[in-house]
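> Following this message is one structure expressed as structure tokens.
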Amino acid sequence: MKRKWTNIERFAHIIIKMRNEGYTRQQIADALGLEKSQIKNWINRYNHRQKGLPKVPKRRGRPRNRPIGEREGMALRIRELERKVELYRSFLQAAGRM
């Protein structure tokens with residue numbers, strides 16, 4: 001019976017070696033006594049780590065119907081900065097420095 005859970009990182013060098021030799025995921029899983037999905041998921045994670053791409057945060061919320069204009073974007077940025085300044089002022093006031 002195949003193992004449901006194991007620390008698959010212990011087999012990392014074996015999996016990589018077998019993949020380089022041309023073994024299929026199913027053959028690797030059978031040789032190590034694991035399930036094919038475990039091997040598939042580990043290989044996918046390994047490939048993503050090798051790419052080294054930074055994670056891009058997902059955009060949240062509903063997409064806009066029309067793009068933000070330059071003037072509108074500046075207004076949003078100004079409002080954001082004003083909120084930050086107000087937050088810093090309230091913090092300094094609470095700390096007794098203002």
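Naming scheme: A, B, ... for chains in displayed order of the structure tokens; residues 1 onward per chain; ligands 1 onward as shown.
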Please return, as an MDAnalysis selection string, all residues of chain A that DSSP assigns to helix (DSSP H, G or I) on the basis of the backbone.
chainID A and resid 8:20 25:32 36:51 70:95
> As a PyMOL selection string, please: the residues near Arg19 of chain A (cut-off 12 Å, only C-alpha atoms, same-chain neighbours under 4 positions excluded).
chain A and resi 12-15+23-29+39-40+43
